[in-house]
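A.B. asks: Here you go, one structure.
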Amino acid sequence: MQAAEAAKERRYVGVKETVLYGVANGGQVIGYNLIRSQLTFYLVTVFGIPSEAVTLMVFVLGLWDAFNDPLMGSIVDRTRTRYGKLRPYLLFVPIPLGIATVVFFGGAEFLSGVESTMAKIVYMWITYFVWEFFYTIGDIPFWGLSAAISPSPGDRSRCITSARFLSSIIGGVVGIAIPIFIDLSTAGTIGWDLKQVFLFMGTLAATVGMLLFFLGGLKTRERAVQSADEPKLLDCFRFLFKNKPLLLIVLSNILGTVGGIADVFTQYYYKLSLGIASLSILAGIPGTVMGFFAYLLIPWFEKRWTSKQIVIRIALIKAIVTTIIFFLGFRNYTDPRIIVPLLSLQGFFTSAVSSISMVVPTKMVGDTVDYMEWKTGERNEGMTFSLLTFISKLTGSLSTGIATLIIPFIGLQEVGADMVLVETSGVNTRLWLWALVTMIPQVLSLISLIPYAFYDLDGEKLKRIQADIREHREKLSKEMTAQHTQEEANG
């Protein structure tokens with residue numbers, strides 16, 4: 001019993017590797033955060049592409065992801081090299097991903113003299129497709145590594161926490177820099193127009209991101225024992241659809257897609273309703289500080305609540321807090337003196353729980369990898385985490401598409417190369433923007449809790465499964481060691 005407990009608590013991943021895994025994720029998400037938060041603003045307002053064309057692209061390429069991500073996951077699961085099955089991709093992808101980021105955000109500047117809307121649309125489709133392609137090649141192995149980096153659940157939790165925490169710091173630079181540069185450009189202080197601002201940000205994100213992301217392949221190890229045989233392609237897909245807990249997590253995330261539309265409308269709200277884009281930085285300070293602190297609370301929560309309980313309570317807290325904030329600012333949603341403190345308060349509470357929700361659901365996905373190992377004898381990090389990355393990109397694309405589709409109905413209108421607020425009869429655009437950055441997304445996201453009514457990979461059941469697979473891994477490791485020793489003796 002003591003030996004089993006010692007094995008259970010053994011730490012395989014040191015502090016340095018844990019930190020560098022997090023730093024690598026920070027490098028990866030710099031470009032992703034730029035895409036996720038600025039896609040609509042950049043393409044519609046800066047590049048001058050019609051919102052309908054952006055919506056169509058986001059929708060179609062979102063469908064492409066439905067095939068692309070699981071296919072990449074199956075390729076990863078069938079990879080066998082002396083470096084592992086995940087790390088080789090992390091050593092390859094940073095350079096092409098960085099180049100793709102520059103090319104995408106340089107489009108408005110590169111085509112500044114082009115009047116053809118069709119040429120801009122074609123450029124948008126090609127460059128976004130290429131960026132998404134290379135992002136997939138890196139993202140699936142990276143998060144698969146969070147389950148393969150150690151057989152210890154404690155190690156995995158620490159690595160995921162490091163990845164989420166450090167990426168929020170490194171990747172958060174985008175959210176600070178963009179509003180500042182937009183205001184400086186609008187005021188004529190820096191002598192750059194918005195096209196040049198986004199080219200600069202894309203180049204900066206690509207350069208820094210490429211160097212940091214490379215550490216994910218260079219400074220980590222894969223420790224979870226893999227089967228010696230490569231699974232067949234169809235086996236990867238078959239195992240995936242036997243993974244009921246994973247499919248429930250996927251469904252929950254898809255149902256919660258609408259929660260992401262707040263990110264799209266935040267830029268418009270500060271710029272058009274409050275008049276100063278960089279006020280978002282001031283309002284975001286309390287949330288940023290609390291968000292960092294909240295990562296330290298994760299072990300405390302995990303000791304008291306199961307992962308399922310944590311996810312449910314986080315969603316409820318977000319909905320309650322944002323609803324209260326909406327009604328507190330209902331009559332003063334254009335007054336920065338009132339709104340900035342209110343949004344600071346909202347950020348304080350929601351960032352705290354969001355930091356936790358960045359770690360716990362990812363850890364739950366790792367639990368489903370163990371579940372399938374227990375059920376089938378195979379580990380499918382590639383296929384499993386391909387769904388995690390697919391969810392992230394699909395929900396991001398859908399939320400961007402939904403938000404872009406909403407734009408003309410709430411009184412926002414493209415005029416030349418800018419987005420303006422148009423007062424029309426029966427539509428209070430500023431009130432709609434206020435609701436869309438506070439209450440509406442989080443309240444509608446409560447439907448994402450429905451699948452968790454059927455989720456049971458939690459509590460004592462999960463502990464029993466983890467105990468069983470620890471024994472299985474030890475047996476498999478001994479068999480592989482004995483086989484290797486015999487081969488050397490015969491060699």
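Each chain in the structure tokens gets a letter, A, B and so on, in the order shown; residues start at 1 in every chain, and ligands are counted from 1 in the order they appear.
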Just asking: which residues within region 225-412 of chain A are helix (DSSP H, G or I) according to DSSP, as a PyMOL selection string?

C.D. replies: chain A and resi 233-241+244-255+257-274+279-304+307-328+336-376+381-410

A.B. asks: Write out as a ChimeraX atom specification each polymer residue whose atoms come within 12 Å of Thr186 (chain A), counting only C-alpha atoms; drop sequence neighbours fewer than 2 positions from it.

C.D. replies: /A:179-184,188-195,197,271,275-278,418

A.B. asks: Hey, can you spit out that residue selection with all heavy atoms as a compact mmCIF listing (two decimals), in the first residue's frame?

C.D. replies:
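File out_20.txt, as written:
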# COMPACT_ATOMS: atom_id res chain seq x y z
N PRO A 179 -4.95 47.94 -28.09
CA PRO A 179 -5.71 49.18 -27.85
C PRO A 179 -4.82 50.42 -27.79
O PRO A 179 -5.22 51.49 -28.27
CB PRO A 179 -6.38 48.92 -26.49
CG PRO A 179 -6.42 47.45 -26.35
CD PRO A 179 -5.18 46.95 -27.02
N ILE A 180 -3.63 50.28 -27.22
CA ILE A 180 -2.71 51.42 -27.14
C ILE A 180 -2.32 51.87 -28.55
O ILE A 180 -2.38 53.06 -28.88
CB ILE A 180 -1.46 51.06 -26.33
CG1 ILE A 180 -1.83 50.85 -24.84
CG2 ILE A 180 -0.41 52.15 -26.46
CD1 ILE A 180 -0.67 50.39 -23.99
N PHE A 181 -1.93 50.94 -29.38
CA PHE A 181 -1.51 51.29 -30.74
C PHE A 181 -2.66 51.83 -31.57
O PHE A 181 -2.46 52.70 -32.42
CB PHE A 181 -0.86 50.08 -31.42
CG PHE A 181 0.59 49.91 -31.09
CD1 PHE A 181 1.00 48.99 -30.14
CD2 PHE A 181 1.56 50.69 -31.72
CE1 PHE A 181 2.34 48.83 -29.83
CE2 PHE A 181 2.91 50.55 -31.42
CZ PHE A 181 3.30 49.61 -30.46
N ILE A 182 -3.87 51.32 -31.33
CA ILE A 182 -5.04 51.84 -32.06
C ILE A 182 -5.27 53.30 -31.71
O ILE A 182 -5.48 54.15 -32.59
CB ILE A 182 -6.29 50.99 -31.76
CG1 ILE A 182 -6.18 49.62 -32.44
CG2 ILE A 182 -7.56 51.71 -32.24
CD1 ILE A 182 -7.32 48.69 -32.10
N ASP A 183 -5.21 53.62 -30.42
CA ASP A 183 -5.40 55.01 -29.99
C ASP A 183 -4.28 55.91 -30.50
O ASP A 183 -4.51 57.04 -30.95
CB ASP A 183 -5.49 55.09 -28.46
CG ASP A 183 -6.84 54.63 -27.94
OD1 ASP A 183 -7.80 54.59 -28.74
OD2 ASP A 183 -6.94 54.30 -26.75
N LEU A 184 -3.03 55.43 -30.44
CA LEU A 184 -1.89 56.22 -30.91
C LEU A 184 -1.98 56.45 -32.43
O LEU A 184 -1.66 57.54 -32.93
CB LEU A 184 -0.58 55.52 -30.58
CG LEU A 184 -0.20 55.45 -29.10
CD1 LEU A 184 1.07 54.62 -28.90
CD2 LEU A 184 -0.02 56.84 -28.50
N GLY A 188 -2.71 60.02 -34.45
CA GLY A 188 -1.60 60.45 -35.31
C GLY A 188 -0.28 60.58 -34.59
O GLY A 188 0.67 61.17 -35.11
N THR A 189 -0.19 60.00 -33.40
CA THR A 189 1.01 60.15 -32.58
C THR A 189 2.20 59.38 -33.13
O THR A 189 3.34 59.84 -33.07
CB THR A 189 0.72 59.69 -31.14
OG1 THR A 189 -0.40 60.41 -30.63
CG2 THR A 189 1.93 59.92 -30.24
N ILE A 190 1.96 58.19 -33.67
CA ILE A 190 3.08 57.35 -34.10
C ILE A 190 3.30 57.38 -35.62
O ILE A 190 4.25 56.79 -36.11
CB ILE A 190 2.87 55.89 -33.66
CG1 ILE A 190 1.52 55.34 -34.19
CG2 ILE A 190 2.93 55.77 -32.15
CD1 ILE A 190 1.30 53.88 -33.87
N GLY A 191 2.43 58.02 -36.34
CA GLY A 191 2.62 58.11 -37.78
C GLY A 191 2.32 56.83 -38.54
O GLY A 191 2.69 56.69 -39.70
N TRP A 192 1.68 55.87 -37.90
CA TRP A 192 1.28 54.62 -38.54
C TRP A 192 -0.23 54.60 -38.68
O TRP A 192 -0.95 55.03 -37.78
CB TRP A 192 1.68 53.40 -37.71
CG TRP A 192 3.15 53.14 -37.62
CD1 TRP A 192 4.14 53.76 -38.32
CD2 TRP A 192 3.77 52.16 -36.78
NE1 TRP A 192 5.35 53.24 -37.97
CE2 TRP A 192 5.17 52.25 -37.02
CE3 TRP A 192 3.33 51.23 -35.86
CZ2 TRP A 192 6.10 51.45 -36.37
CZ3 TRP A 192 4.25 50.43 -35.22
CH2 TRP A 192 5.62 50.54 -35.47
N ASP A 193 -0.72 54.06 -39.81
CA ASP A 193 -2.15 53.81 -39.89
C ASP A 193 -2.40 52.40 -39.33
O ASP A 193 -1.47 51.68 -38.95
CB ASP A 193 -2.67 53.95 -41.32
CG ASP A 193 -1.99 53.01 -42.30
OD1 ASP A 193 -1.42 51.99 -41.85
OD2 ASP A 193 -2.03 53.28 -43.52
N LEU A 194 -3.67 52.00 -39.26
CA LEU A 194 -4.00 50.71 -38.65
C LEU A 194 -3.43 49.54 -39.44
O LEU A 194 -3.14 48.48 -38.86
CB LEU A 194 -5.52 50.57 -38.51
CG LEU A 194 -6.18 51.48 -37.46
CD1 LEU A 194 -7.68 51.25 -37.41
CD2 LEU A 194 -5.57 51.23 -36.08
N LYS A 195 -3.26 49.69 -40.73
CA LYS A 195 -2.67 48.62 -41.53
C LYS A 195 -1.24 48.34 -41.07
O LYS A 195 -0.83 47.19 -40.92
CB LYS A 195 -2.68 49.00 -43.01
CG LYS A 195 -4.07 49.18 -43.60
CD LYS A 195 -3.99 49.68 -45.03
CE LYS A 195 -5.38 49.93 -45.59
NZ LYS A 195 -5.33 50.47 -46.98
N VAL A 197 -0.02 49.17 -38.14
CA VAL A 197 -0.08 48.69 -36.76
C VAL A 197 -0.22 47.18 -36.72
O VAL A 197 0.49 46.47 -35.99
CB VAL A 197 -1.25 49.36 -36.00
CG1 VAL A 197 -1.53 48.60 -34.70
CG2 VAL A 197 -0.92 50.81 -35.69
N LYS A 271 -14.35 51.52 -28.18
CA LYS A 271 -14.02 52.50 -29.21
C LYS A 271 -15.23 53.37 -29.59
O LYS A 271 -15.12 54.58 -29.75
CB LYS A 271 -13.49 51.79 -30.46
CG LYS A 271 -12.92 52.74 -31.53
CD LYS A 271 -12.24 51.93 -32.63
CE LYS A 271 -11.53 52.84 -33.64
NZ LYS A 271 -12.44 53.64 -34.42
N GLY A 275 -15.52 55.73 -26.48
CA GLY A 275 -14.70 56.67 -27.22
C GLY A 275 -13.20 56.50 -27.09
O GLY A 275 -12.43 57.16 -27.79
N ILE A 276 -12.73 55.59 -26.22
CA ILE A 276 -11.29 55.39 -26.01
C ILE A 276 -11.01 53.89 -25.90
O ILE A 276 -11.37 53.26 -24.91
CB ILE A 276 -10.80 56.10 -24.73
CG1 ILE A 276 -11.17 57.58 -24.75
CG2 ILE A 276 -9.28 55.94 -24.58
CD1 ILE A 276 -10.82 58.32 -23.47
N ALA A 277 -10.36 53.32 -26.91
CA ALA A 277 -10.12 51.88 -26.94
C ALA A 277 -9.23 51.42 -25.78
O ALA A 277 -9.42 50.35 -25.22
CB ALA A 277 -9.49 51.49 -28.28
N SER A 278 -8.25 52.24 -25.41
CA SER A 278 -7.30 51.83 -24.39
C SER A 278 -7.87 51.83 -22.97
O SER A 278 -7.20 51.41 -22.03
CB SER A 278 -6.04 52.70 -24.43
OG SER A 278 -6.37 54.07 -24.36
N ASP A 418 -13.81 52.01 -42.15
CA ASP A 418 -14.04 52.12 -40.72
C ASP A 418 -15.41 51.56 -40.35
O ASP A 418 -16.30 51.45 -41.19
CB ASP A 418 -13.94 53.59 -40.27
CG ASP A 418 -13.63 53.70 -38.78
OD1 ASP A 418 -13.46 52.66 -38.12
OD2 ASP A 418 -13.57 54.84 -38.29

A.B. asks: Compare A:Thr438, A:Gln466, A:Ser386, A:Asn243 by their minimum atom-to-atom distance to Asp370 (chain A), counting only C-alpha atoms, and give me the closest one.

C.D. replies: A:Gln466

A.B. asks: I want to know what sits within 6 Å of region 394-397 of chain A, based on only C-alpha atoms, with residues of the same chain fewer than 6 positions away left out; could you give that as a count of residues only?

C.D. replies: 3

A.B. asks: Which is closest to Val103 (chain A) among A:Thr117, A:Thr127, A:Thr334, A:Ser152, if we use only C-alpha atoms?

C.D. replies: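 Among the listed residues, the smallest separation from Val103 (chain A) belongs to A:Thr127.
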